[in-house]
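A.B. asks: So here's query10.txt, just compact mmCIF, C-alpha atoms:
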```txt
# COMPACT_ATOMS: atom_id res chain seq x y z
CA MET Y 110 66.19 46.94 98.67
CA SER Y 111 68.30 46.32 95.61
CA VAL Y 112 69.30 48.39 92.63
CA GLU Y 113 69.96 46.98 89.18
CA ALA Y 114 73.16 47.90 87.35
CA ASP Y 115 71.09 50.08 85.03
CA GLY Y 116 69.67 52.00 88.01
CA SER Y 117 66.21 50.42 88.16
CA VAL Y 118 64.94 49.12 91.48
CA GLY Y 119 64.66 45.37 92.00
CA THR Y 120 63.79 43.04 94.83
CA ASP Y 121 66.11 41.08 97.12
CA THR Y 122 66.85 37.41 96.53
CA ALA Y 123 64.70 35.09 98.65
CA GLY Y 124 66.55 34.06 101.80
CA ASP Y 125 65.57 30.39 102.10
CA GLN Y 126 65.30 29.22 98.51
CA ASP Y 127 67.43 26.28 97.51
CA PRO Y 128 69.54 26.90 94.37
CA ALA Y 129 68.42 23.57 92.92
CA ASP Y 130 64.74 24.66 93.18
CA ARG Y 131 65.22 28.21 91.88
CA ALA Y 132 64.13 29.12 88.38
CA GLY Y 133 66.31 31.27 86.17
CA PRO Y 134 70.08 31.56 85.76
CA PRO Y 135 72.51 30.67 88.55
CA THR Y 136 73.64 33.43 90.89
CA VAL Y 137 77.05 34.45 92.21
CA VAL Y 138 76.98 36.63 95.33
CA VAL Y 139 79.92 38.83 96.35
CA GLY Y 140 80.42 41.09 99.34
CA VAL Y 141 82.20 44.43 98.91
CA ASP Y 142 83.27 47.14 101.36
CA GLY Y 143 85.85 49.15 99.42
CA SER Y 144 88.86 47.25 100.79
CA PRO Y 145 91.55 45.76 98.52
CA GLY Y 146 90.33 42.30 99.51
CA SER Y 147 86.77 43.01 98.43
CA ARG Y 148 87.96 44.47 95.13
CA ALA Y 149 89.87 41.25 94.44
CA ALA Y 150 86.73 39.34 95.38
CA LEU Y 151 84.68 41.39 92.93
CA VAL Y 152 87.15 40.68 90.11
CA TYR Y 153 86.90 36.97 90.86
CA ALA Y 154 83.10 37.08 91.17
CA ILE Y 155 82.52 38.77 87.81
CA THR Y 156 84.74 36.28 86.00
CA ALA Y 157 83.15 33.36 87.86
CA ALA Y 158 79.69 34.60 86.90
CA ALA Y 159 80.74 34.93 83.26
CA ARG Y 160 82.07 31.37 83.14
CA ARG Y 161 78.87 30.05 84.75
CA GLY Y 162 76.47 32.13 82.68
CA ALA Y 163 75.28 33.46 86.04
CA ALA Y 164 73.85 36.69 87.34
CA LEU Y 165 75.91 38.65 89.86
CA GLU Y 166 74.61 40.06 93.13
CA VAL Y 167 76.91 42.65 94.72
CA VAL Y 168 76.14 43.06 98.43
CA ALA Y 169 77.20 46.04 100.53
CA THR Y 170 75.95 46.93 104.00
CA PHE Y 171 76.23 49.84 106.38
CA ALA Y 172 75.59 50.53 110.06
CA LEU Y 173 74.09 53.67 111.55
CA GLN Y 174 75.69 55.13 114.66
CA ALA Y 175 74.67 58.20 116.60
CA VAL Y 176 77.39 60.62 117.70
CA TRP Y 177 77.25 61.19 121.47
CA VAL Y 178 78.48 64.45 123.03
CA GLY Y 179 78.17 65.11 126.75
CA GLY Y 180 75.96 62.10 127.23
CA TYR Y 181 73.44 63.14 124.56
CA PRO Y 182 73.09 61.96 120.95
CA LEU Y 183 74.20 64.69 118.56
CA GLY Y 184 72.49 63.19 115.59
CA MET Y 185 72.22 60.30 113.18
CA PRO Y 186 72.48 60.43 109.40
CA GLU Y 187 69.40 59.71 107.30
CA VAL Y 188 69.19 56.08 106.19
CA ALA Y 189 68.22 57.12 102.66
CA THR Y 190 71.20 59.48 102.43
CA VAL Y 191 73.71 56.87 103.55
CA ARG Y 192 72.16 54.26 101.28
CA GLU Y 193 72.30 56.55 98.27
CA GLU Y 194 75.95 57.45 98.88
CA LEU Y 195 76.96 53.81 99.36
CA GLU Y 196 75.05 52.81 96.25
CA LYS Y 197 77.00 55.37 94.21
CA ARG Y 198 80.32 54.10 95.59
CA VAL Y 199 79.47 50.46 94.88
CA ALA Y 200 78.26 51.26 91.36
CA ALA Y 201 81.51 53.14 90.69
CA LEU Y 202 83.54 50.21 92.00
CA VAL Y 203 81.68 47.75 89.77
CA ALA Y 204 82.22 49.99 86.74
CA GLU Y 205 85.93 50.34 87.53
CA VAL Y 206 86.43 46.60 88.05
CA ARG Y 207 84.65 45.77 84.79
CA GLY Y 208 87.54 47.53 83.06
CA ASP Y 209 90.19 45.50 84.88
CA PRO Y 210 92.31 43.52 82.36
CA ALA Y 211 91.66 40.30 84.29
CA VAL Y 212 87.92 40.84 83.80
CA VAL Y 213 88.03 42.10 80.22
CA ALA Y 214 90.00 39.00 79.18
CA VAL Y 215 87.17 36.63 80.18
CA PRO Y 216 84.57 36.04 77.44
CA GLY Y 217 81.10 37.16 78.47
CA ALA Y 218 82.26 39.23 81.46
CA ALA Y 219 80.89 42.42 79.93
CA ASP Y 220 77.45 40.82 79.65
CA VAL Y 221 77.11 39.65 83.25
CA ARG Y 222 73.82 40.97 84.63
CA THR Y 223 74.68 42.73 87.88
CA ARG Y 224 72.46 43.75 90.76
CA LEU Y 225 73.52 45.95 93.67
CA VAL Y 226 72.03 45.09 97.04
CA ILE Y 227 72.44 47.80 99.68
CA SER Y 228 71.19 47.07 103.19
CA VAL Y 229 71.56 48.06 106.84
CA GLY Y 230 73.11 45.56 109.23
CA PRO Y 231 76.02 43.16 109.73
CA PRO Y 232 77.60 42.10 106.41
CA SER Y 233 78.28 38.53 107.53
CA GLN Y 234 74.63 37.70 108.18
CA ARG Y 235 73.44 39.45 105.00
CA LEU Y 236 75.88 37.41 102.92
CA VAL Y 237 74.92 34.15 104.63
CA ASP Y 238 71.25 34.92 103.99
CA ALA Y 239 72.01 35.63 100.33
CA SER Y 240 73.94 32.35 100.04
CA ALA Y 241 70.73 30.35 100.55
CA ALA Y 242 69.67 31.13 96.98
CA ALA Y 243 73.16 31.38 95.46
CA ASP Y 244 75.36 28.94 93.58
CA LEU Y 245 78.58 30.58 94.80
CA LEU Y 246 79.51 33.14 97.46
CA VAL Y 247 82.72 35.16 97.03
CA VAL Y 248 84.34 37.15 99.83
CA GLY Y 249 87.69 38.84 100.40
CA SER Y 250 90.00 37.43 103.04
CA ARG Y 251 89.91 40.66 105.05
CA GLY Y 252 87.75 43.75 104.85
CA ARG Y 253 87.77 47.19 106.40
CA GLY Y 254 86.70 45.88 109.77
CA ALA Y 255 89.44 43.26 110.11
CA VAL Y 256 92.46 43.79 112.32
CA ARG Y 257 95.48 44.41 110.09
CA SER Y 258 97.41 41.50 111.56
CA ALA Y 259 94.49 39.08 111.10
CA LEU Y 260 95.01 36.51 108.38
CA LEU Y 261 91.28 36.00 108.00
CA GLY Y 262 88.59 38.56 108.77
CA SER Y 263 85.51 37.83 110.82
CA VAL Y 264 83.15 38.20 107.85
CA ALA Y 265 85.11 35.70 105.75
CA LEU Y 266 85.29 33.26 108.65
CA HIS Y 267 81.55 33.55 109.34
CA CYS Y 268 80.74 32.98 105.66
CA VAL Y 269 83.05 29.98 105.32
CA THR Y 270 81.47 28.45 108.41
CA HIS Y 271 77.78 29.22 107.87
CA ALA Y 272 77.12 29.81 104.15
CA ARG Y 273 74.64 27.49 102.48
CA CYS Y 274 76.55 27.29 99.19
CA PRO Y 275 80.23 26.88 98.23
CA VAL Y 276 82.38 29.83 99.31
CA VAL Y 277 85.48 31.26 97.60
CA VAL Y 278 87.81 33.30 99.79
CA VAL Y 279 90.00 35.61 97.69
CA HIS Y 280 93.28 37.08 98.89
CA PRO Y 281 94.58 40.24 97.20
CA ALA Y 282 96.93 38.99 94.49
CA ALA Y 283 100.58 39.96 94.39
CA ALA Y 284 101.36 42.34 91.54
CA GLY Y 285 102.50 40.52 88.41
CA HIS Y 286 101.92 37.06 89.90
CA ARG Y 287 101.26 34.50 87.17
CA ARG Y 288 99.24 31.38 87.85
CA VAL Y 289 99.41 27.93 86.27
CA ARG Y 290 96.15 26.59 84.84
CA THR Y 291 95.69 24.07 87.62
CA VAL Y 292 92.88 23.45 90.07
CA LEU Y 293 94.25 21.74 93.17
CA VAL Y 294 91.84 19.61 95.22
CA GLY Y 295 92.62 18.16 98.63
CA ILE Y 296 91.12 14.68 99.09
CA ASP Y 297 91.22 12.13 101.90
CA GLY Y 298 88.44 9.68 101.03
CA SER Y 299 85.81 11.50 103.11
CA GLU Y 300 82.41 12.48 101.73
CA ALA Y 301 83.38 16.14 102.04
CA SER Y 302 86.43 15.59 99.85
CA ARG Y 303 84.35 13.67 97.29
CA VAL Y 304 82.06 16.67 96.99
CA ALA Y 305 85.10 18.96 96.79
CA LEU Y 306 86.59 16.83 94.01
CA ARG Y 307 83.40 17.05 91.96
CA ALA Y 308 83.39 20.81 92.47
CA GLY Y 309 87.06 21.01 91.53
CA LEU Y 310 86.46 19.17 88.26
CA ALA Y 311 83.62 21.57 87.43
CA GLU Y 312 85.81 24.59 88.15
CA ALA Y 313 88.68 23.14 86.10
CA ALA Y 314 86.32 22.65 83.16
CA ARG Y 315 85.26 26.32 83.37
CA LEU Y 316 88.87 27.48 83.62
CA ASP Y 317 90.16 25.07 80.94
CA ALA Y 318 92.58 23.84 83.58
CA GLU Y 319 93.97 20.54 84.81
CA THR Y 320 92.62 19.01 88.02
CA VAL Y 321 95.24 17.75 90.46
CA ALA Y 322 93.80 15.66 93.31
CA VAL Y 323 96.23 15.74 96.23
CA SER Y 324 96.30 13.16 99.01
CA THR Y 325 98.72 13.27 101.91
CA PHE Y 326 99.84 10.90 104.63
CA GLU Y 327 101.95 11.03 107.77
CA MET Y 328 103.66 8.10 109.44
CA ALA Y 329 102.33 7.89 112.99
CA ASP Y 330 104.62 8.16 115.98
CA HIS Y 331 103.24 5.35 118.16
CA TRP Y 332 105.53 6.18 121.14
CA VAL Y 333 106.13 2.48 121.65
CA ASP Y 334 108.85 -0.03 120.89
CA LEU Y 335 108.19 -0.62 117.17
CA ARG Y 336 110.06 -3.94 117.35
CA THR Y 337 106.91 -5.35 118.95
CA VAL Y 338 104.48 -3.73 116.49
CA VAL Y 339 103.94 -4.60 112.84
CA VAL Y 340 103.61 -1.35 110.87
CA PRO Y 341 103.51 -0.77 107.10
CA THR Y 342 106.47 0.80 105.38
CA VAL Y 343 106.38 4.26 103.84
CA ASP Y 344 106.22 2.76 100.36
CA GLU Y 345 103.29 0.54 101.35
CA VAL Y 346 101.38 3.45 102.81
CA ARG Y 347 102.10 5.61 99.78
CA TRP Y 348 100.88 2.87 97.43
CA GLN Y 349 97.66 2.42 99.41
CA VAL Y 350 96.94 6.14 99.47
CA GLN Y 351 97.75 6.49 95.77
CA SER Y 352 95.45 3.58 94.88
CA GLY Y 353 92.59 5.07 96.90
CA ALA Y 354 93.09 8.53 95.41
CA GLU Y 355 93.16 7.21 91.85
CA ALA Y 356 89.98 5.19 92.41
CA MET Y 357 88.23 8.22 93.90
CA LEU Y 358 89.35 10.43 91.02
CA GLU Y 359 88.26 7.85 88.45
CA ASP Y 360 84.76 7.76 89.95
CA ALA Y 361 84.52 11.56 90.05
CA VAL Y 362 85.68 11.93 86.43
CA ALA Y 363 83.16 9.30 85.32
CA GLU Y 364 80.38 11.24 87.07
CA HIS Y 365 81.52 14.47 85.45
CA ARG Y 366 81.59 12.86 81.99
CA ALA Y 367 78.08 11.48 82.51
CA ASP Y 368 76.79 14.97 83.32
CA HIS Y 369 78.72 16.80 80.58
CA ASP Y 370 78.23 14.81 77.37
CA GLY Y 371 81.36 12.75 77.88
CA HIS Y 372 83.66 15.72 78.47
CA ALA Y 373 85.98 16.12 81.45
CA PRO Y 374 89.09 18.15 82.19
CA ALA Y 375 92.51 16.52 82.38
CA ALA Y 376 92.99 15.10 85.87
CA ARG Y 377 95.60 13.24 87.87
CA ALA Y 378 96.12 12.09 91.44
CA VAL Y 379 99.31 12.76 93.40
CA VAL Y 380 100.41 11.75 96.90
CA ALA Y 381 102.75 13.56 99.28
CA GLU Y 382 104.04 12.83 102.75
CA GLY Y 383 103.50 15.53 105.32
CA PRO Y 384 100.85 17.69 107.02
CA PRO Y 385 97.93 18.14 104.60
CA ALA Y 386 97.38 21.86 105.18
CA ASP Y 387 101.07 22.70 104.74
CA ILE Y 388 101.32 20.75 101.51
CA LEU Y 389 98.09 22.12 100.02
CA VAL Y 390 99.04 25.72 100.81
CA GLN Y 391 102.53 25.28 99.39
CA TRP Y 392 101.44 23.50 96.22
CA ALA Y 393 98.56 25.90 95.58
CA ALA Y 394 100.82 28.96 95.53
CA ASP Y 395 100.74 29.10 91.72
CA ALA Y 396 97.41 27.34 91.10
CA GLU Y 397 94.30 29.02 89.72
CA LEU Y 398 92.26 27.67 92.61
CA LEU Y 399 92.53 25.46 95.69
CA VAL Y 400 89.42 23.41 96.54
CA VAL Y 401 88.90 21.77 99.93
CA GLY Y 402 86.04 20.06 101.70
CA SER Y 403 84.78 21.68 104.87
CA ARG Y 404 85.73 18.68 107.01
CA GLY Y 405 87.82 15.56 106.45
CA HIS Y 406 88.14 12.19 108.14
CA GLY Y 407 90.18 13.62 110.97
CA GLU Y 408 87.69 16.30 112.05
CA LEU Y 409 85.18 16.17 114.88
CA ARG Y 410 81.60 15.72 113.69
CA GLY Y 411 80.46 18.91 115.37
CA LEU Y 412 82.90 21.09 113.41
CA LEU Y 413 81.41 22.97 110.47
CA VAL Y 414 84.89 23.83 109.20
CA GLY Y 415 87.85 21.59 109.95
CA SER Y 416 91.40 22.57 110.75
CA VAL Y 417 92.76 21.78 107.27
CA ALA Y 418 90.12 23.86 105.48
CA LEU Y 419 90.58 26.73 107.91
CA ALA Y 420 94.37 26.65 107.57
CA CYS Y 421 94.09 26.69 103.76
CA VAL Y 422 91.69 29.64 103.81
CA MET Y 423 93.98 31.54 106.18
CA HIS Y 424 97.36 30.86 104.62
CA ALA Y 425 96.91 30.18 100.89
CA VAL Y 426 97.96 33.08 98.68
CA GLY Y 427 95.41 32.34 95.96
CA PRO Y 428 91.63 31.81 95.90
CA VAL Y 429 90.32 28.95 98.06
CA LEU Y 430 86.95 27.28 97.44
CA VAL Y 431 85.41 25.62 100.52
CA VAL Y 432 82.66 23.10 99.79
CA HIS Y 433 80.30 21.75 102.44
CA PRO Y 434 78.71 18.33 101.89
CA PRO Y 435 74.88 18.45 101.70
CA SER Y 436 74.53 17.07 105.23
CA ASP Y 437 76.51 20.00 106.66
CA ARG Y 438 74.34 22.53 104.82
CA VAL Y 439 71.24 20.98 106.39
CA VAL Y 440 72.82 21.21 109.86
CA VAL Y 441 73.79 24.87 109.32
CA ARG Y 442 70.33 25.79 108.09
CA ALA Y 443 68.62 23.99 110.99
CA GLY Y 444 70.88 25.73 113.50
CA GLN Y 445 70.22 29.15 112.01
CA GLU Y 446 66.46 28.58 111.95
CA ALA Y 447 66.53 27.46 115.59
CA ALA Y 448 68.52 30.56 116.57
CA ALA Y 449 66.07 32.80 114.72
CA GLY Y 450 63.14 31.16 116.42
CA GLY Y 451 64.68 31.21 119.91
```
Write out the structure in this file as structure tokens.

C.D. replies:
Amino acid sequence: MSVEADGSVGTDTAGDQDPADRAGPPTVVVGVDGSPGSRAALVYAITAAARRGAALEVVATFALQAVWVGGYPLGMPEVATVREELEKRVAALVAEVRGDPAVVAVPGAADVRTRLVISVGPPSQRLVDASAAADLLVVGSRGRGAVRSALLGSVALHCVTHARCPVVVVHPAAAGHRRVRTVLVGIDGSEASRVALRAGLAEAARLDAETVAVSTFEMADHWVDLRTVVVPTVDEVRWQVQSGAEAMLEDAVAEHRADHDGHAPAARAVVAEGPPADILVQWAADAELLVVGSRGHGELRGLLVGSVALACVMHAVGPVLVVHPPSDRVVVRAGQEAAAGG
């Protein structure tokens, strides 16, 4: 069941439809549960929908639990009653967030067509199902069910790992924190980072921001007598990485120009020495958005989310967009269909 923003009843988005094959405007899906993290996610989702010319689907779920006394169930609330109450709360939250200065400042935000989807069951699976027909899924870093000390809640982790579209994880922003109009993209030459770079350029164009493609390197500790081994110098490694990053960025910008009437955001490639996750998290502290591929060259093939992407989602203070390459989305979908059938 779903309820339109104007109160009329609609139908749920199809679970297995590919965004590329779906007619109509693009869709941004966001999960809310009344937590500060989900409110921040809703703010981001409305502005993202406005910049995309997309519709917004606001998903909230609830679970029914019987109260047991003396070994007997005391009672269970009516599904319709709980649904109606949650619907009212979500509608009030959407109305309140629409008046947030960060939302009001974005052109077209007031005109975003919004649908409320209220359902029974685990939020993580409902959001993953909705992602099949979405162009973007937005979740807060931690919701009501997350342990307070957890840096990333179970719902956010499940969505980052299993969603069938790009996922933005939003951390509650520090009061008064100002961001530089920069979209930071971590690249390493892998296919996942190529897809992330294309997504980063698209986001930068929507935000009127500069794209900064960041590559990192670390000098290996071979644990041998280096007098018997020929190894490149730091400057040689830096030059090689810089050359590869610039070539990759040049190709991505050319593709973006070809798809957008010759227009592309300002973009540059930079190289730093050190652990990639540490550098990306540090440099993204003041950026509008950090974009990473789900897996890089150094990750095991079986991993749906690599260590760098996971570390960025957990530790970055700003929004992080995780992009899966098409091959990973096929693997996720096949695995979910097999689990459903088994």

A.B. asks: Counting all atoms listed in the file, which of Y:Gly383, Y:Gly249, Y:Gly217, Y:Gly402 gets nearest to Y:Thr325?

C.D. replies: Y:Gly383

A.B. asks: Taking only C-alpha atoms into account, which of Y:Ala241, Y:Ile227, Y:Val321, Y:Val343 comes nearest Y:Pro374?

C.D. replies: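 So, comparing all the options, the nearest one is Y:Val321.
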
A.B. asks: So the first atom is atom CA of Y:Val340 and the second is atom CA of Y:Val379; what is the distance between them in Å, to one decimal place?

C.D. replies: 22.9 Å

A.B. asks: Would you mind reading off the distance between atom CA of Y:Leu389 and atom CA of Y:Ser416, one decimal, in Å?

C.D. replies: 12.7 Å

A.B. asks: Between Y:Leu202, Y:Val292, Y:Val138, Y:Leu398, which is the closest to Y:Asp238 once you count all atoms listed in the file?

C.D. replies: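 The shortest atom-to-atom distance to Y:Asp238 comes from Y:Val138.
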
A.B. asks: Report as a PDB file with C-alpha atoms, keeping the file's coordinate frame all protein, DNA and RNA residues lying within 10 Å of Y:Pro135, evaluated on all atoms listed in the file, omitting residues in the same chain fewer than 6 positions from it.

C.D. replies:
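The result, written out as around03.pdb:
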```
ATOM      1  CA  PRO Y 128      69.540  26.900  94.370  1.00  0.00           C
ATOM      2  CA  ALA Y 129      68.420  23.570  92.920  1.00  0.00           C
ATOM      3  CA  ALA Y 158      79.690  34.600  86.900  1.00  0.00           C
ATOM      4  CA  ARG Y 161      78.870  30.050  84.750  1.00  0.00           C
ATOM      5  CA  GLY Y 162      76.470  32.130  82.680  1.00  0.00           C
ATOM      6  CA  ALA Y 163      75.280  33.460  86.040  1.00  0.00           C
ATOM      7  CA  ALA Y 164      73.850  36.690  87.340  1.00  0.00           C
ATOM      8  CA  LEU Y 165      75.910  38.650  89.860  1.00  0.00           C
ATOM      9  CA  ALA Y 242      69.670  31.130  96.980  1.00  0.00           C
ATOM     10  CA  ALA Y 243      73.160  31.380  95.460  1.00  0.00           C
ATOM     11  CA  ASP Y 244      75.360  28.940  93.580  1.00  0.00           C
ATOM     12  CA  LEU Y 245      78.580  30.580  94.800  1.00  0.00           C
TER      13      LEU Y 245
END
```

A.B. asks: Taking only C-alpha atoms into account, name the residue in Y:Gly140, Y:Glu359, Y:Ile296, Y:Asp368 that is nearest to Y:Val417.

C.D. replies: Y:Ile296

A.B. asks: Residues at most 6 Å from Y:Val429, counting all atoms listed in the file, excluding those fewer than 4 positions away in the same chain, as JSON, numbers by chain?

C.D. replies: {"Y": [277, 278, 398, 399, 400, 422]}

A.B. asks: Could you please determine the separation between atom CA of Y:Glu166 and atom CA of Y:Ala394 in Å, to one decimal place?

C.D. replies: 28.6 Å

A.B. asks: Which residue gives the smallest distance to Y:Met328 among Y:Arg347, Y:Arg315, Y:Arg307, Y:His433, with all atoms listed in the file counted?

C.D. replies: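 For Y:Met328, the nearest of the candidates is Y:Arg347.
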
A.B. asks: Neighbouring residues of Y:Val248 were defined as those with any atom within 8 Å, considering only C-alpha atoms; residues of the same chain fewer than 4 positions away were excluded. Please report them as an MDAnalysis selection string.

C.D. replies: chainID Y and resid 139:141 146:147 150 265 276:279

A.B. asks: Smallest atom-to-atom distance to Y:His280: which of Y:Ser250, Y:Val221, Y:Ala311, Y:Glu187, using all atoms listed in the file?

C.D. replies: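 Once distances to Y:His280 are computed over all atoms listed in the file, the minimum belongs to Y:Ser250.
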
A.B. asks: Taking the block above, write stretch 417-436 of chain Y with N, CA, C and O atoms as a compact mmCIF listing (two decimals), in the first residue's frame.

C.D. replies:
```txt
# COMPACT_ATOMS: atom_id res chain seq x y z
N VAL Y 417 37.45 -0.47 1.37
CA VAL Y 417 37.55 0.99 1.22
C VAL Y 417 36.17 1.63 1.22
O VAL Y 417 35.91 2.61 1.94
N ALA Y 418 35.25 1.07 0.43
CA ALA Y 418 33.89 1.62 0.38
C ALA Y 418 33.24 1.55 1.75
O ALA Y 418 32.60 2.51 2.20
N LEU Y 419 33.40 0.42 2.43
CA LEU Y 419 32.78 0.26 3.74
C LEU Y 419 33.36 1.25 4.75
O LEU Y 419 32.63 1.87 5.53
N ALA Y 420 34.68 1.43 4.72
CA ALA Y 420 35.32 2.37 5.64
C ALA Y 420 34.84 3.80 5.37
O ALA Y 420 34.61 4.57 6.32
N CYS Y 421 34.68 4.16 4.12
CA CYS Y 421 34.20 5.51 3.78
C CYS Y 421 32.77 5.72 4.27
O CYS Y 421 32.44 6.77 4.83
N VAL Y 422 31.91 4.73 4.06
CA VAL Y 422 30.53 4.83 4.51
C VAL Y 422 30.46 4.95 6.03
O VAL Y 422 29.64 5.69 6.58
N MET Y 423 31.33 4.24 6.73
CA MET Y 423 31.31 4.23 8.19
C MET Y 423 31.88 5.51 8.79
O MET Y 423 31.36 6.03 9.78
N HIS Y 424 32.94 6.05 8.20
CA HIS Y 424 33.71 7.09 8.88
C HIS Y 424 33.60 8.49 8.27
O HIS Y 424 33.96 9.46 8.94
N ALA Y 425 33.13 8.61 7.05
CA ALA Y 425 33.00 9.95 6.46
C ALA Y 425 31.92 10.74 7.19
O ALA Y 425 30.91 10.17 7.63
N VAL Y 426 32.13 12.04 7.32
CA VAL Y 426 31.16 12.86 8.05
C VAL Y 426 30.08 13.40 7.14
O VAL Y 426 29.04 13.87 7.61
N GLY Y 427 30.28 13.35 5.84
CA GLY Y 427 29.30 13.84 4.88
C GLY Y 427 28.65 12.69 4.14
O GLY Y 427 28.91 11.52 4.40
N PRO Y 428 27.78 13.01 3.17
CA PRO Y 428 27.11 11.97 2.38
C PRO Y 428 28.11 11.17 1.55
O PRO Y 428 29.07 11.72 1.01
N VAL Y 429 27.88 9.86 1.44
CA VAL Y 429 28.73 8.98 0.65
C VAL Y 429 27.84 8.22 -0.34
O VAL Y 429 26.87 7.57 0.07
N LEU Y 430 28.18 8.31 -1.62
CA LEU Y 430 27.46 7.60 -2.67
C LEU Y 430 28.27 6.36 -3.05
O LEU Y 430 29.43 6.47 -3.45
N VAL Y 431 27.66 5.18 -2.91
CA VAL Y 431 28.31 3.92 -3.28
C VAL Y 431 27.68 3.42 -4.56
O VAL Y 431 26.45 3.27 -4.65
N VAL Y 432 28.51 3.17 -5.56
CA VAL Y 432 28.03 2.77 -6.89
C VAL Y 432 28.54 1.37 -7.20
O VAL Y 432 29.75 1.13 -7.18
N HIS Y 433 27.63 0.46 -7.51
CA HIS Y 433 28.00 -0.88 -7.93
C HIS Y 433 28.12 -0.92 -9.45
O HIS Y 433 27.28 -0.35 -10.15
N PRO Y 434 29.14 -1.59 -9.99
CA PRO Y 434 29.18 -1.78 -11.44
C PRO Y 434 28.04 -2.68 -11.86
O PRO Y 434 27.52 -3.46 -11.04
N PRO Y 435 27.60 -2.62 -13.13
CA PRO Y 435 26.46 -3.44 -13.57
C PRO Y 435 26.61 -4.92 -13.28
O PRO Y 435 25.65 -5.59 -12.93
N SER Y 436 27.81 -5.46 -13.36
CA SER Y 436 28.02 -6.89 -13.12
C SER Y 436 27.66 -7.25 -11.68
O SER Y 436 27.09 -8.30 -11.41
```
